[in-house]
file work_2.txt (compact mmCIF, N, CA and C atoms)
# COMPACT_ATOMS: atom_id res chain seq x y z
N MET A 1 1.69 17.86 -64.26
CA MET A 1 1.34 19.07 -63.53
C MET A 1 0.88 20.18 -64.49
N ALA A 2 1.56 20.28 -65.64
CA ALA A 2 1.19 21.32 -66.61
C ALA A 2 -0.21 21.08 -67.15
N LEU A 3 -0.56 19.81 -67.39
CA LEU A 3 -1.90 19.50 -67.88
C LEU A 3 -2.95 19.77 -66.81
N GLU A 4 -2.68 19.36 -65.59
CA GLU A 4 -3.60 19.61 -64.49
C GLU A 4 -3.83 21.10 -64.28
N GLU A 5 -2.77 21.89 -64.41
CA GLU A 5 -2.86 23.33 -64.23
C GLU A 5 -3.87 23.96 -65.19
N HIS A 6 -4.05 23.34 -66.34
CA HIS A 6 -4.96 23.87 -67.37
C HIS A 6 -6.18 22.98 -67.58
N GLN A 7 -6.51 22.19 -66.56
CA GLN A 7 -7.69 21.33 -66.54
C GLN A 7 -7.80 20.43 -67.77
N VAL A 8 -6.67 19.86 -68.19
CA VAL A 8 -6.67 18.91 -69.29
C VAL A 8 -6.60 17.51 -68.68
N THR A 9 -7.63 16.72 -68.95
CA THR A 9 -7.63 15.34 -68.47
C THR A 9 -7.46 14.44 -69.69
N CYS A 10 -6.50 13.57 -69.59
CA CYS A 10 -6.24 12.66 -70.70
C CYS A 10 -5.40 11.50 -70.20
N GLU A 11 -5.37 10.48 -71.02
CA GLU A 11 -4.47 9.35 -70.74
C GLU A 11 -3.13 9.70 -71.35
N MET A 12 -2.07 9.42 -70.61
CA MET A 12 -0.73 9.74 -71.11
C MET A 12 0.13 8.49 -71.07
N ASP A 13 0.75 8.18 -72.20
CA ASP A 13 1.71 7.09 -72.27
C ASP A 13 3.09 7.72 -72.33
N VAL A 14 3.97 7.32 -71.43
CA VAL A 14 5.33 7.84 -71.40
C VAL A 14 6.26 6.70 -71.83
N ILE A 15 7.06 6.99 -72.84
CA ILE A 15 7.96 5.97 -73.37
C ILE A 15 9.38 6.50 -73.18
N ALA A 16 10.23 5.68 -72.58
CA ALA A 16 11.52 6.13 -72.06
C ALA A 16 12.64 6.25 -73.08
N ASP A 17 12.52 5.58 -74.23
CA ASP A 17 13.62 5.65 -75.19
C ASP A 17 13.10 5.60 -76.62
N GLY A 18 13.93 6.02 -77.55
CA GLY A 18 13.53 6.13 -78.93
C GLY A 18 13.19 4.80 -79.58
N GLU A 19 13.94 3.77 -79.27
CA GLU A 19 13.68 2.46 -79.86
C GLU A 19 12.31 1.94 -79.43
N SER A 20 12.00 2.08 -78.15
CA SER A 20 10.68 1.66 -77.65
C SER A 20 9.57 2.51 -78.25
N ALA A 21 9.83 3.79 -78.45
CA ALA A 21 8.83 4.68 -79.04
C ALA A 21 8.51 4.26 -80.47
N ILE A 22 9.53 3.91 -81.24
CA ILE A 22 9.30 3.47 -82.62
C ILE A 22 8.52 2.17 -82.63
N SER A 23 8.86 1.24 -81.76
CA SER A 23 8.11 -0.02 -81.66
C SER A 23 6.66 0.24 -81.28
N TYR A 24 6.43 1.15 -80.36
CA TYR A 24 5.08 1.52 -79.92
C TYR A 24 4.28 2.10 -81.09
N ILE A 25 4.89 3.00 -81.83
CA ILE A 25 4.22 3.62 -82.98
C ILE A 25 3.86 2.57 -84.02
N GLU A 26 4.80 1.70 -84.33
CA GLU A 26 4.55 0.65 -85.32
C GLU A 26 3.45 -0.31 -84.86
N ALA A 27 3.44 -0.64 -83.57
CA ALA A 27 2.40 -1.52 -83.04
C ALA A 27 1.03 -0.86 -83.10
N LEU A 28 0.95 0.39 -82.69
CA LEU A 28 -0.33 1.10 -82.75
C LEU A 28 -0.81 1.27 -84.19
N ASP A 29 0.11 1.50 -85.10
CA ASP A 29 -0.26 1.68 -86.50
C ASP A 29 -0.87 0.41 -87.07
N ALA A 30 -0.44 -0.75 -86.56
CA ALA A 30 -0.94 -2.03 -87.06
C ALA A 30 -2.26 -2.45 -86.41
N MET A 31 -2.66 -1.78 -85.34
CA MET A 31 -3.88 -2.15 -84.60
C MET A 31 -5.01 -1.20 -84.93
N ASP A 32 -6.20 -1.66 -84.65
CA ASP A 32 -7.39 -0.82 -84.85
C ASP A 32 -7.80 -0.19 -83.52
N ILE A 33 -6.92 0.62 -82.97
CA ILE A 33 -7.21 1.34 -81.74
C ILE A 33 -6.88 2.81 -81.98
N PRO A 34 -7.46 3.69 -81.20
CA PRO A 34 -7.21 5.12 -81.43
C PRO A 34 -5.74 5.51 -81.28
N CYS A 35 -5.32 6.41 -82.14
CA CYS A 35 -3.97 6.98 -82.05
C CYS A 35 -3.96 8.05 -80.97
N PRO A 36 -2.80 8.38 -80.46
CA PRO A 36 -2.72 9.53 -79.56
C PRO A 36 -3.18 10.80 -80.27
N VAL A 37 -3.65 11.76 -79.50
CA VAL A 37 -4.07 13.03 -80.09
C VAL A 37 -2.92 14.02 -80.16
N LEU A 38 -1.83 13.72 -79.47
CA LEU A 38 -0.66 14.59 -79.45
C LEU A 38 0.56 13.76 -79.07
N VAL A 39 1.68 14.02 -79.75
CA VAL A 39 2.96 13.41 -79.38
C VAL A 39 3.86 14.55 -78.92
N ILE A 40 4.38 14.41 -77.71
CA ILE A 40 5.36 15.36 -77.17
C ILE A 40 6.69 14.62 -77.20
N LEU A 41 7.64 15.16 -77.94
CA LEU A 41 8.85 14.41 -78.25
C LEU A 41 10.10 15.17 -77.86
N ASP A 42 10.99 14.49 -77.16
CA ASP A 42 12.31 15.02 -76.84
C ASP A 42 13.27 14.56 -77.94
N LEU A 43 14.19 15.40 -78.34
CA LEU A 43 15.16 15.01 -79.36
C LEU A 43 16.25 14.12 -78.81
N ASN A 44 16.60 14.29 -77.56
CA ASN A 44 17.72 13.56 -76.96
C ASN A 44 17.23 12.36 -76.17
N LEU A 45 16.86 11.32 -76.90
CA LEU A 45 16.38 10.09 -76.28
C LEU A 45 17.48 9.03 -76.31
N PRO A 46 17.50 8.16 -75.31
CA PRO A 46 18.44 7.04 -75.39
C PRO A 46 18.00 6.04 -76.47
N ARG A 47 18.93 5.27 -76.96
CA ARG A 47 18.75 4.17 -77.90
C ARG A 47 18.40 4.57 -79.33
N ARG A 48 17.65 5.61 -79.56
CA ARG A 48 17.37 6.14 -80.90
C ARG A 48 17.02 7.62 -80.73
N PRO A 49 17.55 8.49 -81.55
CA PRO A 49 17.26 9.92 -81.39
C PRO A 49 15.80 10.27 -81.69
N GLY A 50 15.36 11.36 -81.10
CA GLY A 50 14.00 11.82 -81.31
C GLY A 50 13.67 12.08 -82.77
N LEU A 51 14.65 12.52 -83.56
CA LEU A 51 14.38 12.76 -84.98
C LEU A 51 14.04 11.46 -85.69
N HIS A 52 14.62 10.33 -85.27
CA HIS A 52 14.25 9.03 -85.84
C HIS A 52 12.81 8.69 -85.48
N VAL A 53 12.43 9.01 -84.24
CA VAL A 53 11.05 8.76 -83.80
C VAL A 53 10.10 9.62 -84.63
N LEU A 54 10.43 10.88 -84.83
CA LEU A 54 9.59 11.78 -85.62
C LEU A 54 9.43 11.24 -87.04
N ALA A 55 10.51 10.78 -87.64
CA ALA A 55 10.43 10.21 -88.99
C ALA A 55 9.52 8.99 -89.00
N ALA A 56 9.60 8.16 -87.96
CA ALA A 56 8.74 6.97 -87.88
C ALA A 56 7.27 7.36 -87.76
N VAL A 57 7.00 8.39 -86.98
CA VAL A 57 5.62 8.88 -86.83
C VAL A 57 5.08 9.31 -88.19
N ARG A 58 5.85 10.06 -88.93
CA ARG A 58 5.38 10.60 -90.20
C ARG A 58 5.33 9.55 -91.31
N ARG A 59 6.03 8.42 -91.15
CA ARG A 59 5.97 7.33 -92.13
C ARG A 59 4.68 6.52 -92.04
N THR A 60 4.04 6.55 -90.89
CA THR A 60 2.85 5.72 -90.70
C THR A 60 1.62 6.40 -91.29
N LEU A 61 0.70 5.59 -91.73
CA LEU A 61 -0.54 6.12 -92.28
C LEU A 61 -1.41 6.74 -91.19
N ARG A 62 -1.57 6.03 -90.09
CA ARG A 62 -2.48 6.48 -89.05
C ARG A 62 -1.93 7.65 -88.23
N PHE A 63 -0.63 7.73 -88.06
CA PHE A 63 -0.02 8.78 -87.24
C PHE A 63 0.34 10.03 -88.05
N SER A 64 0.23 9.95 -89.35
CA SER A 64 0.78 11.01 -90.19
C SER A 64 0.21 12.40 -89.91
N THR A 65 -1.00 12.47 -89.37
CA THR A 65 -1.60 13.78 -89.10
C THR A 65 -1.64 14.13 -87.62
N VAL A 66 -1.11 13.25 -86.76
CA VAL A 66 -1.08 13.54 -85.33
C VAL A 66 -0.08 14.68 -85.08
N PRO A 67 -0.49 15.72 -84.36
CA PRO A 67 0.46 16.79 -84.05
C PRO A 67 1.63 16.28 -83.22
N VAL A 68 2.82 16.71 -83.59
CA VAL A 68 4.03 16.34 -82.84
C VAL A 68 4.70 17.63 -82.38
N LEU A 69 4.80 17.79 -81.08
CA LEU A 69 5.47 18.94 -80.49
C LEU A 69 6.82 18.48 -79.97
N VAL A 70 7.88 19.03 -80.54
CA VAL A 70 9.23 18.73 -80.05
C VAL A 70 9.49 19.66 -78.88
N LEU A 71 9.85 19.07 -77.76
CA LEU A 71 10.16 19.80 -76.54
C LEU A 71 11.59 19.44 -76.21
N SER A 72 12.52 20.36 -76.45
CA SER A 72 13.93 20.02 -76.37
C SER A 72 14.73 21.07 -75.62
N SER A 73 15.86 20.65 -75.08
CA SER A 73 16.78 21.59 -74.47
C SER A 73 17.68 22.24 -75.52
N SER A 74 17.64 21.71 -76.73
CA SER A 74 18.49 22.22 -77.81
C SER A 74 17.96 23.52 -78.40
N GLU A 75 18.86 24.48 -78.51
CA GLU A 75 18.52 25.73 -79.20
C GLU A 75 19.16 25.77 -80.59
N ALA A 76 19.76 24.66 -81.01
CA ALA A 76 20.48 24.62 -82.28
C ALA A 76 19.52 24.79 -83.45
N VAL A 77 19.86 25.71 -84.33
CA VAL A 77 19.04 25.98 -85.51
C VAL A 77 18.88 24.72 -86.34
N GLN A 78 19.94 23.93 -86.48
CA GLN A 78 19.86 22.72 -87.29
C GLN A 78 18.89 21.70 -86.71
N ASP A 79 18.74 21.63 -85.39
CA ASP A 79 17.77 20.73 -84.77
C ASP A 79 16.35 21.19 -85.09
N ARG A 80 16.11 22.48 -84.95
CA ARG A 80 14.79 23.04 -85.25
C ARG A 80 14.45 22.82 -86.73
N GLU A 81 15.40 23.08 -87.62
CA GLU A 81 15.16 22.91 -89.05
C GLU A 81 14.92 21.45 -89.41
N ALA A 82 15.68 20.54 -88.80
CA ALA A 82 15.49 19.11 -89.06
C ALA A 82 14.12 18.65 -88.59
N ALA A 83 13.71 19.11 -87.42
CA ALA A 83 12.39 18.74 -86.89
C ALA A 83 11.28 19.26 -87.81
N THR A 84 11.42 20.47 -88.27
CA THR A 84 10.43 21.05 -89.19
C THR A 84 10.40 20.27 -90.50
N ARG A 85 11.55 19.97 -91.03
CA ARG A 85 11.65 19.23 -92.29
C ARG A 85 11.00 17.85 -92.17
N LEU A 86 11.12 17.22 -91.01
CA LEU A 86 10.54 15.89 -90.80
C LEU A 86 9.06 15.92 -90.42
N GLY A 87 8.50 17.12 -90.26
CA GLY A 87 7.06 17.23 -90.04
C GLY A 87 6.61 17.56 -88.65
N ALA A 88 7.49 18.08 -87.80
CA ALA A 88 7.06 18.50 -86.46
C ALA A 88 6.05 19.63 -86.60
N THR A 89 5.04 19.59 -85.77
CA THR A 89 4.02 20.63 -85.76
C THR A 89 4.52 21.88 -85.05
N GLY A 90 5.35 21.67 -84.04
CA GLY A 90 5.92 22.78 -83.27
C GLY A 90 7.22 22.37 -82.62
N TYR A 91 7.97 23.37 -82.17
CA TYR A 91 9.26 23.14 -81.52
C TYR A 91 9.39 24.16 -80.40
N LEU A 92 9.51 23.66 -79.19
CA LEU A 92 9.67 24.55 -78.03
C LEU A 92 10.89 24.15 -77.24
N ARG A 93 11.56 25.14 -76.71
CA ARG A 93 12.69 24.91 -75.81
C ARG A 93 12.12 24.55 -74.45
N LYS A 94 12.70 23.53 -73.82
CA LYS A 94 12.25 23.14 -72.48
C LYS A 94 12.42 24.31 -71.52
N PRO A 95 11.39 24.60 -70.77
CA PRO A 95 11.49 25.69 -69.79
C PRO A 95 12.43 25.33 -68.65
N THR A 96 12.98 26.36 -68.05
CA THR A 96 13.88 26.16 -66.92
C THR A 96 13.21 26.52 -65.59
N ARG A 97 12.13 27.27 -65.66
CA ARG A 97 11.43 27.68 -64.43
C ARG A 97 10.07 26.99 -64.35
N LEU A 98 9.62 26.70 -63.14
CA LEU A 98 8.39 25.97 -62.91
C LEU A 98 7.20 26.66 -63.56
N GLU A 99 7.07 27.96 -63.41
CA GLU A 99 5.89 28.65 -63.98
C GLU A 99 5.88 28.57 -65.50
N GLU A 100 7.06 28.55 -66.12
CA GLU A 100 7.13 28.38 -67.58
C GLU A 100 6.70 26.96 -67.96
N PHE A 101 7.14 25.98 -67.17
CA PHE A 101 6.76 24.60 -67.41
C PHE A 101 5.25 24.44 -67.29
N LEU A 102 4.66 25.00 -66.26
CA LEU A 102 3.22 24.90 -66.08
C LEU A 102 2.47 25.56 -67.23
N GLY A 103 3.05 26.61 -67.81
CA GLY A 103 2.45 27.28 -68.94
C GLY A 103 2.36 26.41 -70.19
N LEU A 104 3.19 25.38 -70.25
CA LEU A 104 3.12 24.46 -71.39
C LEU A 104 1.77 23.78 -71.49
N GLY A 105 1.09 23.64 -70.37
CA GLY A 105 -0.23 23.02 -70.38
C GLY A 105 -1.18 23.74 -71.33
N ALA A 106 -1.08 25.06 -71.40
CA ALA A 106 -1.92 25.83 -72.32
C ALA A 106 -1.59 25.49 -73.77
N VAL A 107 -0.31 25.29 -74.06
CA VAL A 107 0.11 24.92 -75.42
C VAL A 107 -0.42 23.55 -75.77
N PHE A 108 -0.27 22.59 -74.86
CA PHE A 108 -0.77 21.24 -75.10
C PHE A 108 -2.28 21.27 -75.30
N LYS A 109 -2.96 22.03 -74.45
CA LYS A 109 -4.43 22.11 -74.52
C LYS A 109 -4.86 22.67 -75.88
N SER A 110 -4.21 23.69 -76.36
CA SER A 110 -4.59 24.26 -77.66
C SER A 110 -4.32 23.29 -78.80
N MET A 111 -3.26 22.50 -78.67
CA MET A 111 -2.90 21.56 -79.74
C MET A 111 -3.86 20.39 -79.84
N ILE A 112 -4.49 20.03 -78.72
CA ILE A 112 -5.44 18.91 -78.75
C ILE A 112 -6.89 19.40 -78.84
N GLY A 113 -7.05 20.70 -78.82
CA GLY A 113 -8.40 21.26 -78.94
C GLY A 113 -9.28 21.00 -77.75
N ALA A 114 -8.67 20.88 -76.58
CA ALA A 114 -9.46 20.61 -75.35
C ALA A 114 -9.99 21.90 -74.76

call {"tool": "encode", "arguments": {"input": "work_2.txt", "output": "structure tokens"}}
result
Amino acid sequence: MALEEHQVTCEMDVIADGESAISYIEALDAMDIPCPVLVILDLNLPRRPGLHVLAAVRRTLRFSTVPVLVLSSSEAVQDREAATRLGATGYLRKPTRLEEFLGLGAVFKSMIGA
């Protein structure tokens, strides 16, 4: 909805847990297909934490420059600092109101240059 609100059309892959996300990243890194233009990452994922996923993204050659936006419910300074240290491009607190959520589309749009 946030992307539609800001007229961003794109293909979106949604991965439900950290372990699957790491496998996905490793598989894409080994193939000759386009990388995503943006990774939106939650820190609190089942099976493997989002920080492990972020580290996996930054370890790969092909994904190393892909912008990663951490979108988390955590306001903990240590989470923000860890994400920055591991190479997150940005860190935003998940919005609680619909209009704030829809506003994220503008952030995503600017990050992908659409």

call {"tool": "closest_atom_pairs", "arguments": {"input": "work_2.txt", "of": "segment 40-77 of chain A", "to": "segment 94-109 of chain A", "cutoff": "8 Å", "atoms": "only N, CA and C atoms", "output": "CSV"}}
result
residue,atom,partner,partner_atom,distance
A:Val70,C,A:Lys94,N,7.1
A:Leu71,C,A:Lys94,N,4.9
A:Ser72,C,A:Lys94,N,3.7
A:Ser73,N,A:Lys94,N,4.5
A:Ser74,N,A:Lys94,N,6.0
A:Glu75,N,A:Lys94,N,7.8

call {"tool": "residues_around", "arguments": {"input": "work_2.txt", "residues": "segment 80-83 of chain A", "least_positions_apart": "4", "cutoff": "8 Å", "atoms": "only N, CA and C atoms", "output": "PyMOL selection string"}}
result
chain A and resi 50-51+54+70+74-76+87-91

call {"tool": "atom_distance", "arguments": {"input": "work_2.txt", "atom1": "atom C of Ala27 of chain A", "atom2": "atom N of Leu41 of chain A"}}
result
18.1 Å

call {"tool": "residues_around", "arguments": {"input": "work_2.txt", "residues": "Tyr24 of chain A", "least_positions_apart": "6", "cutoff": "12 Å", "atoms": "only C-alpha atoms", "output": "list in words"}}
result
Asp13, Val14, Ile15, Ala16, Asp17, Gly18, Ala30, Met31, Cys35, Pro36, Val53, Ala56, Val57, Thr60 and Phe63 of chain A

call {"tool": "select_by_dssp", "arguments": {"input": "work_2.txt", "residues": "segment 59-112 of chain A", "states": "alpha helix (DSSP H)", "output": "list of chain:residue names"}}
result
A:Arg59, A:Val77, A:Gln78, A:Asp79, A:Arg80, A:Glu81, A:Ala82, A:Ala83, A:Thr84, A:Arg85, A:Leu98, A:Glu99, A:Glu100, A:Phe101, A:Leu102, A:Gly103, A:Leu104, A:Gly105, A:Ala106, A:Val107, A:Phe108, A:Lys109, A:Ser110, A:Met111, A:Ile112

call {"tool": "atom_distance", "arguments": {"input": "work_2.txt", "atom1": "atom CA of His52 of chain A", "atom2": "atom CA of Arg85 of chain A"}}
result
12.3 Å

call {"tool": "residues_around", "arguments": {"input": "work_2.txt", "residues": "Leu38 of chain A", "least_positions_apart": "4", "cutoff": "8 Å", "atoms": "all atoms listed in the file", "output": "list in words"}}
result
Val66, Pro67, Val68, Leu69, Phe108, Met111 and Ile112 of chain A

call {"tool": "atom_distance", "arguments": {"input": "work_2.txt", "atom1": "atom CA of Val37 of chain A", "atom2": "atom CA of Gln7 of chain A"}}
result
16.3 Å

call {"tool": "closest_residue", "arguments": {"input": "work_2.txt", "among": "A:Ala2, A:Ala55, A:Ala21, A:Pro46", "to": "Leu86 of chain A", "atoms": "all atoms listed in the file"}}
result
A:Ala55

call {"tool": "closest_residue", "arguments": {"input": "work_2.txt", "among": "A:Ser110, A:Gln78, A:Arg48, A:Arg62", "to": "Ser20 of chain A", "atoms": "all atoms listed in the file"}}
result
A:Arg48

call {"tool": "axis_aligned_box", "arguments": {"input": "work_2.txt", "around": "segment 22-28 of chain A", "padding_each_side": "8 Å", "output": "AutoDock Vina command-line options"}}
result
--center_x 4.4 --center_y 1.2 --center_z -82.6 --size_x 26.3 --size_y 21.4 --size_z 21.4

call {"tool": "select_by_dssp", "arguments": {"input": "work_2.txt", "residues": "segment 28-81 of chain A", "states": "strand (DSSP E)", "output": "VMD selection string"}}
result
chain A and resid 39 to 41 68 to 72
